[in-house]
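Scroll down for the structure; my scribbles are underneath it.
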Amino acid sequence: MERLAFYFDSRNCSGCKTCQVACKDKNDLAIGTLWRRVYEVSGGDWEQKGNAWVPHIYAYNISLSCNHCEDPICMKNCPSSAIQKREDGIVTIDQSICLGCKYCSWVCPYGAPQFNEEKGVMGKCDLCIDYVDQGKNPSCVDACPTRSLDFGEYTKLVEKYGEKEHIYPLPNPEITQPSLVINPHKDAEMAKKMNPEVVNMEEVKHA
Amino acid sequence: MHNGEWSLISFTLLSQLSVGLVLALGFMYFMHQSLFAGFTTGLSLRSPEFIILVLIVIATLLSLLHLGSPLHSYQSLNNLRGSWISREILMLSMFGFGMLLFMLSRYFDWSVGISQIFIIFSMLSGILLILAMTGIYMIPTVPSWDNFYTPVSFIGSVFLLGSIGMMVFMMLSGNVEMNHKFLSQIIIFMIIVVAVLIITGGFHQYHLSQIKFTGIEQTKFNQGLFLVIFIIRIILLFVIAVSLFYLNQIIFNHDRNFSMIQKLFILVSFLILLEEVIGRYLFYGSYFRVGV
């Protein structure tokens, strides 16, 4: 069985959010709904060493959508079986039978399924399934000006970029086995020791 | 609180109340037939079966309120293999159906054996309903729910609300004065349940304060509104325990006044309902998930 996946390079991402806008545009999403979100992680402190002040600061971005997990916790728990996985690993929501109970959004550790107020059902990234079926890339991947996003078969992405540790704010990948390969930012190690936080939550929630 | 959670609070509490009532009814049906004999049956607000059925219907309607597409609700049984929600809905249906059959069997005077089968069926479905409800909330990605307190608080609600219901049923049938020993046993049982809720509630609050946050939205459990509401709930539980203890004392007085006992019991019942709503509000308020 194929396993289509995203690659994200946190070292390269400038946080311009073009991916977010491309996704919103392609899927005609309402205000407050983002199927791809860019989280800005930044913070830190200064330390006095003699007469000098040394910065211990960190700043990086994480661009995140549905990761079409190998073991999707949303699909397992969906009461109407509206969430299904295709042969190529794409996890989709059949809105014609979705109850809109929002349970998938409770359980997903990536915040992927989001409630569509207008339709009363859940929606999420489908990897631009129509583009994929035509042999094209998802819109976010092609829109990224810094080429921080890539897309393809999981094992090939791992071969190409290597398998690296998932960084804050990503959860432990063992929970759902996300189809996501990342290149962690160098600041992530320092951030981990300094109680990091996402600083653009308002924007993420309301954009 | 997110929109729609009030309907979930009402649904979980009402269905746990219904299960408690059916267990209480079953207990009286099998263990205290003499008390059961005084109950009205059929479509009367003095009939326990009818009251329970009305509660189940209200709970079911309330559960539809939090759905974005209630018209798709008939699809909710599609995933019995994997989803606790599907199992919960199946159990709720079986539970209500069992109670309906029990009511019909009593109303039309069917044989006692058939009534017994229906009430046992309803009791078992009710227990499985609580099990399914617990499964819904014990989510591995929600550390504040995925612990011992979720089943304890749900079972505690079933027992406390069921005990209140049993006393109300006795009042409705005019049986309160007949059996003060049985009344006292119910009250002692309630005191034990309240004591367990106080102790486990304290442990749970400590557990919440120790959780290492891995999510982006961090709930502050040891300060602010959450802590204030938790303290109010614990104080309420203490007041309930003391009131129940006092109630138990006056039941055994020789010059006991049953009118006063009933008034005090109604007051305690109100405090328990308030405590249960606050407890469930805290439960939903403690939600946070790992990751983003």
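Just so we're on the same page: first chain in the structure tokens is A, next is B, and so on; residues restart at 1 for each chain, and ligands are numbered from 1 in the order they show up.
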Checklist line | Shell around range 136-148 of chain A at 6 Å using only C-alpha atoms, local window under 3 positions removed, as an MDAnalysis selection string | finding: chainID A and resid 8:9 12:13 19 22:23 127:128 131:132
Q.
Just list as an MDAnalysis selection string whatever in range 6-145 of chain A DSSP marks as helix (DSSP H, G or I).
A. chainID A and resid 18:27 73:77 103:107 129:133 139:143
Can I get the selection written as a short mmCIF file (atom, residue, chain, number, x, y, z; two decimals), in the first residue's frame, with N, CA and C atoms?
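As a result, selection-v1.cif now contains:
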data_model
loop_
_atom_site.label_atom_id
_atom_site.label_comp_id
_atom_site.auth_asym_id
_atom_site.auth_seq_id
_atom_site.Cartn_x
_atom_site.Cartn_y
_atom_site.Cartn_z
N THR A 18 2.56 31.55 2.61
CA THR A 18 2.01 31.39 1.26
C THR A 18 1.31 30.03 1.14
N CYS A 19 1.86 29.01 1.79
CA CYS A 19 1.25 27.67 1.77
C CYS A 19 -0.16 27.71 2.34
N GLN A 20 -0.28 28.46 3.46
CA GLN A 20 -1.56 28.60 4.15
C GLN A 20 -2.60 29.26 3.23
N VAL A 21 -2.15 30.31 2.56
CA VAL A 21 -3.05 31.07 1.68
C VAL A 21 -3.40 30.23 0.44
N ALA A 22 -2.42 29.52 -0.10
CA ALA A 22 -2.67 28.69 -1.28
C ALA A 22 -3.72 27.63 -0.97
N CYS A 23 -3.61 27.03 0.21
CA CYS A 23 -4.56 26.00 0.64
C CYS A 23 -5.96 26.61 0.82
N LYS A 24 -5.98 27.76 1.48
CA LYS A 24 -7.27 28.42 1.74
C LYS A 24 -7.96 28.79 0.42
N ASP A 25 -7.14 29.25 -0.52
CA ASP A 25 -7.67 29.66 -1.82
C ASP A 25 -8.17 28.45 -2.61
N LYS A 26 -7.34 27.42 -2.66
CA LYS A 26 -7.70 26.21 -3.43
C LYS A 26 -8.99 25.58 -2.91
N ASN A 27 -9.14 25.57 -1.58
CA ASN A 27 -10.29 24.88 -0.99
C ASN A 27 -11.44 25.83 -0.62
N ILE A 73 -6.05 8.26 14.17
CA ILE A 73 -6.91 8.15 15.36
C ILE A 73 -8.31 8.72 15.06
N CYS A 74 -8.37 9.68 14.11
CA CYS A 74 -9.67 10.26 13.72
C CYS A 74 -10.53 9.21 13.04
N MET A 75 -9.91 8.44 12.15
CA MET A 75 -10.65 7.43 11.38
C MET A 75 -11.16 6.31 12.29
N LYS A 76 -10.27 5.88 13.21
CA LYS A 76 -10.65 4.78 14.10
C LYS A 76 -11.87 5.14 14.92
N ASN A 77 -11.97 6.42 15.31
CA ASN A 77 -13.02 6.83 16.23
C ASN A 77 -14.24 7.45 15.58
N TYR A 103 -15.86 14.90 17.11
CA TYR A 103 -15.00 14.03 17.93
C TYR A 103 -13.61 13.90 17.31
N CYS A 104 -13.55 13.88 15.97
CA CYS A 104 -12.24 13.77 15.31
C CYS A 104 -11.34 14.95 15.67
N SER A 105 -11.97 16.14 15.84
CA SER A 105 -11.14 17.30 16.19
C SER A 105 -10.68 17.23 17.65
N TRP A 106 -11.43 16.54 18.49
CA TRP A 106 -11.00 16.34 19.88
C TRP A 106 -9.75 15.46 19.93
N VAL A 107 -9.75 14.42 19.11
CA VAL A 107 -8.72 13.39 19.28
C VAL A 107 -7.45 13.63 18.44
N ILE A 129 -6.57 16.13 -3.43
CA ILE A 129 -6.77 14.81 -4.03
C ILE A 129 -7.00 14.88 -5.55
N ASP A 130 -7.67 15.95 -5.99
CA ASP A 130 -7.93 16.09 -7.44
C ASP A 130 -6.62 16.36 -8.18
N TYR A 131 -5.75 17.16 -7.60
CA TYR A 131 -4.44 17.42 -8.21
C TYR A 131 -3.61 16.13 -8.24
N VAL A 132 -3.63 15.42 -7.08
CA VAL A 132 -2.83 14.19 -6.97
C VAL A 132 -3.28 13.18 -8.04
N ASP A 133 -4.60 13.08 -8.23
CA ASP A 133 -5.12 12.15 -9.23
C ASP A 133 -4.70 12.54 -10.65
N SER A 139 -1.43 22.05 -3.67
CA SER A 139 -1.22 23.48 -3.96
C SER A 139 -0.20 24.11 -3.01
N CYS A 140 -0.21 23.69 -1.74
CA CYS A 140 0.73 24.30 -0.78
C CYS A 140 2.17 24.03 -1.18
N VAL A 141 2.43 22.83 -1.68
CA VAL A 141 3.80 22.43 -2.04
C VAL A 141 4.31 23.30 -3.19
N ASP A 142 3.48 23.45 -4.21
CA ASP A 142 3.92 24.24 -5.37
C ASP A 142 3.98 25.73 -5.07
N ALA A 143 3.19 26.16 -4.07
CA ALA A 143 3.17 27.61 -3.78
C ALA A 143 4.36 28.05 -2.94
#
Between chain B and chain A, at 10 Å or less, what are the per-residue closest atom pairs and their distances in Å? Count only C-alpha atoms, order by chain and rising residue number, and return it as JSON lines.
{"residue": "B:Gly4", "atom": "CA", "partner": "A:Cys101", "partner_atom": "CA", "distance": 9.9}
{"residue": "B:Ser63", "atom": "CA", "partner": "A:Cys101", "partner_atom": "CA", "distance": 9.6}
{"residue": "B:Leu64", "atom": "CA", "partner": "A:Cys101", "partner_atom": "CA", "distance": 9.0}
{"residue": "B:Leu65", "atom": "CA", "partner": "A:Cys101", "partner_atom": "CA", "distance": 9.6}
{"residue": "B:His66", "atom": "CA", "partner": "A:Cys101", "partner_atom": "CA", "distance": 6.6}
{"residue": "B:Leu67", "atom": "CA", "partner": "A:Cys101", "partner_atom": "CA", "distance": 4.8}
{"residue": "B:Gly68", "atom": "CA", "partner": "A:Gly120", "partner_atom": "CA", "distance": 4.0}
{"residue": "B:Ser69", "atom": "CA", "partner": "A:Leu99", "partner_atom": "CA", "distance": 5.0}
{"residue": "B:Pro70", "atom": "CA", "partner": "A:Leu99", "partner_atom": "CA", "distance": 6.5}
{"residue": "B:Leu71", "atom": "CA", "partner": "A:Leu99", "partner_atom": "CA", "distance": 7.9}
{"residue": "B:His72", "atom": "CA", "partner": "A:Leu99", "partner_atom": "CA", "distance": 5.3}
{"residue": "B:Ser73", "atom": "CA", "partner": "A:Leu99", "partner_atom": "CA", "distance": 5.9}
{"residue": "B:Tyr74", "atom": "CA", "partner": "A:Ser80", "partner_atom": "CA", "distance": 8.6}
{"residue": "B:Gln75", "atom": "CA", "partner": "A:Ser80", "partner_atom": "CA", "distance": 5.1}
{"residue": "B:Ser76", "atom": "CA", "partner": "A:Ser80", "partner_atom": "CA", "distance": 4.6}
{"residue": "B:Leu77", "atom": "CA", "partner": "A:Pro79", "partner_atom": "CA", "distance": 6.3}
{"residue": "B:Asn78", "atom": "CA", "partner": "A:Ser80", "partner_atom": "CA", "distance": 4.8}
{"residue": "B:Asn79", "atom": "CA", "partner": "A:Pro79", "partner_atom": "CA", "distance": 5.1}
{"residue": "B:Leu80", "atom": "CA", "partner": "A:Pro79", "partner_atom": "CA", "distance": 7.4}
{"residue": "B:Arg81", "atom": "CA", "partner": "A:Lys76", "partner_atom": "CA", "distance": 8.8}
{"residue": "B:Gly82", "atom": "CA", "partner": "A:Lys76", "partner_atom": "CA", "distance": 5.5}
{"residue": "B:Ser83", "atom": "CA", "partner": "A:Asn77", "partner_atom": "CA", "distance": 4.4}
{"residue": "B:Trp84", "atom": "CA", "partner": "A:Asn77", "partner_atom": "CA", "distance": 7.0}
{"residue": "B:Ile85", "atom": "CA", "partner": "A:Pro79", "partner_atom": "CA", "distance": 5.7}
{"residue": "B:Ser86", "atom": "CA", "partner": "A:Pro79", "partner_atom": "CA", "distance": 5.0}
{"residue": "B:Arg87", "atom": "CA", "partner": "A:Pro79", "partner_atom": "CA", "distance": 8.5}
{"residue": "B:Glu88", "atom": "CA", "partner": "A:Pro79", "partner_atom": "CA", "distance": 9.8}
{"residue": "B:Ile89", "atom": "CA", "partner": "A:Pro79", "partner_atom": "CA", "distance": 9.4}
{"residue": "B:Ile136", "atom": "CA", "partner": "A:Asn77", "partner_atom": "CA", "distance": 8.7}
{"residue": "B:Tyr137", "atom": "CA", "partner": "A:Val107", "partner_atom": "CA", "distance": 9.6}
{"residue": "B:Ile139", "atom": "CA", "partner": "A:Val107", "partner_atom": "CA", "distance": 6.7}
{"residue": "B:Pro140", "atom": "CA", "partner": "A:Val107", "partner_atom": "CA", "distance": 8.0}
{"residue": "B:Thr141", "atom": "CA", "partner": "A:Val107", "partner_atom": "CA", "distance": 6.0}
{"residue": "B:Val142", "atom": "CA", "partner": "A:Val107", "partner_atom": "CA", "distance": 7.1}
{"residue": "B:Phe213", "atom": "CA", "partner": "A:Asn195", "partner_atom": "CA", "distance": 9.6}
{"residue": "B:Thr214", "atom": "CA", "partner": "A:Pro171", "partner_atom": "CA", "distance": 6.9}
{"residue": "B:Gly215", "atom": "CA", "partner": "A:Pro169", "partner_atom": "CA", "distance": 6.6}
{"residue": "B:Ile216", "atom": "CA", "partner": "A:Val198", "partner_atom": "CA", "distance": 6.4}
{"residue": "B:Glu217", "atom": "CA", "partner": "A:Val198", "partner_atom": "CA", "distance": 8.7}
{"residue": "B:Gln218", "atom": "CA", "partner": "A:Glu197", "partner_atom": "CA", "distance": 9.5}
{"residue": "B:Tyr287", "atom": "CA", "partner": "A:Trp106", "partner_atom": "CA", "distance": 8.8}
{"residue": "B:Phe288", "atom": "CA", "partner": "A:Trp106", "partner_atom": "CA", "distance": 8.5}
{"residue": "B:Arg289", "atom": "CA", "partner": "A:Pro109", "partner_atom": "CA", "distance": 6.5}
{"residue": "B:Val290", "atom": "CA", "partner": "A:Pro109", "partner_atom": "CA", "distance": 5.6}
{"residue": "B:Gly291", "atom": "CA", "partner": "A:Pro171", "partner_atom": "CA", "distance": 4.3}
{"residue": "B:Val292", "atom": "CA", "partner": "A:Tyr110", "partner_atom": "CA", "distance": 5.0}
Saved selection, atoms kept: C-alpha atoms, as a PDB file, in the first residue's frame:
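Written output follows (result.pdb):
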ATOM      1  CA  GLY B   4     -22.521  22.829  22.302  1.00  0.00           C
ATOM      2  CA  SER B  63     -27.331  14.684  22.270  1.00  0.00           C
ATOM      3  CA  LEU B  64     -28.526  15.709  18.797  1.00  0.00           C
ATOM      4  CA  LEU B  65     -28.033  19.388  19.655  1.00  0.00           C
ATOM      5  CA  HIS B  66     -24.245  19.224  19.534  1.00  0.00           C
ATOM      6  CA  LEU B  67     -24.244  17.646  16.063  1.00  0.00           C
ATOM      7  CA  GLY B  68     -23.546  19.849  13.080  1.00  0.00           C
ATOM      8  CA  SER B  69     -25.718  17.603  10.899  1.00  0.00           C
ATOM      9  CA  PRO B  70     -28.412  15.961  13.051  1.00  0.00           C
ATOM     10  CA  LEU B  71     -30.082  14.653   9.869  1.00  0.00           C
ATOM     11  CA  HIS B  72     -27.044  12.393   9.353  1.00  0.00           C
ATOM     12  CA  SER B  73     -27.448  10.918  12.842  1.00  0.00           C
ATOM     13  CA  TYR B  74     -28.824   7.659  11.420  1.00  0.00           C
ATOM     14  CA  GLN B  75     -25.260   7.009  10.187  1.00  0.00           C
ATOM     15  CA  SER B  76     -23.925   6.980  13.739  1.00  0.00           C
ATOM     16  CA  LEU B  77     -23.930   3.191  14.101  1.00  0.00           C
ATOM     17  CA  ASN B  78     -21.644   2.642  11.097  1.00  0.00           C
ATOM     18  CA  ASN B  79     -18.484   2.044  13.108  1.00  0.00           C
ATOM     19  CA  LEU B  80     -19.366  -0.317  15.953  1.00  0.00           C
ATOM     20  CA  ARG B  81     -16.014  -2.058  15.522  1.00  0.00           C
ATOM     21  CA  GLY B  82     -13.917   0.979  16.335  1.00  0.00           C
ATOM     22  CA  SER B  83     -15.942   3.873  17.676  1.00  0.00           C
ATOM     23  CA  TRP B  84     -17.095   4.205  21.276  1.00  0.00           C
ATOM     24  CA  ILE B  85     -19.648   6.787  20.110  1.00  0.00           C
ATOM     25  CA  SER B  86     -21.304   4.190  17.865  1.00  0.00           C
ATOM     26  CA  ARG B  87     -21.333   1.725  20.762  1.00  0.00           C
ATOM     27  CA  GLU B  88     -22.736   4.375  23.105  1.00  0.00           C
ATOM     28  CA  ILE B  89     -25.606   5.117  20.739  1.00  0.00           C
ATOM     29  CA  ILE B 136     -15.407   7.923  24.522  1.00  0.00           C
ATOM     30  CA  TYR B 137     -13.564  10.179  26.937  1.00  0.00           C
ATOM     31  CA  ILE B 139      -8.621   9.375  24.664  1.00  0.00           C
ATOM     32  CA  PRO B 140      -4.876   8.705  24.506  1.00  0.00           C
ATOM     33  CA  THR B 141      -4.261  12.202  23.087  1.00  0.00           C
ATOM     34  CA  VAL B 142      -6.180  13.907  25.935  1.00  0.00           C
ATOM     35  CA  PHE B 213       2.103  19.860  28.881  1.00  0.00           C
ATOM     36  CA  THR B 214       2.999  18.831  25.415  1.00  0.00           C
ATOM     37  CA  GLY B 215       0.258  20.816  23.731  1.00  0.00           C
ATOM     38  CA  ILE B 216       0.191  24.402  22.522  1.00  0.00           C
ATOM     39  CA  GLU B 217      -2.816  25.450  24.571  1.00  0.00           C
ATOM     40  CA  GLN B 218      -1.998  25.032  28.213  1.00  0.00           C
ATOM     41  CA  TYR B 287      -9.843  19.271  28.063  1.00  0.00           C
ATOM     42  CA  PHE B 288      -6.563  19.778  26.304  1.00  0.00           C
ATOM     43  CA  ARG B 289      -4.805  17.551  23.836  1.00  0.00           C
ATOM     44  CA  VAL B 290      -1.200  16.766  23.084  1.00  0.00           C
ATOM     45  CA  GLY B 291       0.275  18.368  19.983  1.00  0.00           C
ATOM     46  CA  VAL B 292      -1.395  21.282  18.232  1.00  0.00           C
TER      47      VAL B 292
END
* **Contact residues around Thr60 in chain B with only C-alpha atoms at 10 Å, ignoring same-chain residues under 2 positions, as a PyMOL selection string** => chain B and resi 11-12+14-15+54-58+62-65+89+92-93+96
#### Entry: Close residues, range 35-42 of chain B itself excluded, 9 Å, only C-alpha atoms, min 2 positions apart in chain, as a ChimeraX atom specification
/B:25,28-29,32-33,44-50,103-104,106-108,169-170,172-175,178-179
Quiz prompt | Distance query Cys69 in chain A at most 6 Å, only C-alpha atoms, self and fewer than 6 positions along chain excluded, as a PyMOL selection string | solution = chain A and resi 176-179
Keeping C-alpha atoms for every residue in the selection just given, could you write it to a file as a PDB file, in the first residue's frame?
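Result went into again.pdb, see below:
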ATOM      1  CA  THR A 176      -0.573   8.132  15.147  1.00  0.00           C
ATOM      2  CA  GLN A 177       2.478   7.553  12.929  1.00  0.00           C
ATOM      3  CA  PRO A 178       2.066  10.686  10.800  1.00  0.00           C
ATOM      4  CA  SER A 179       3.129  10.597   7.164  1.00  0.00           C
TER       5      SER A 179
END
Point to revise | Separation of CA of Glu163 in chain A from CA of Val181 in chain A in Å | key: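 Going from CA of Val181 in chain A over to CA of Glu163 in chain A, I get 6.4 Å.
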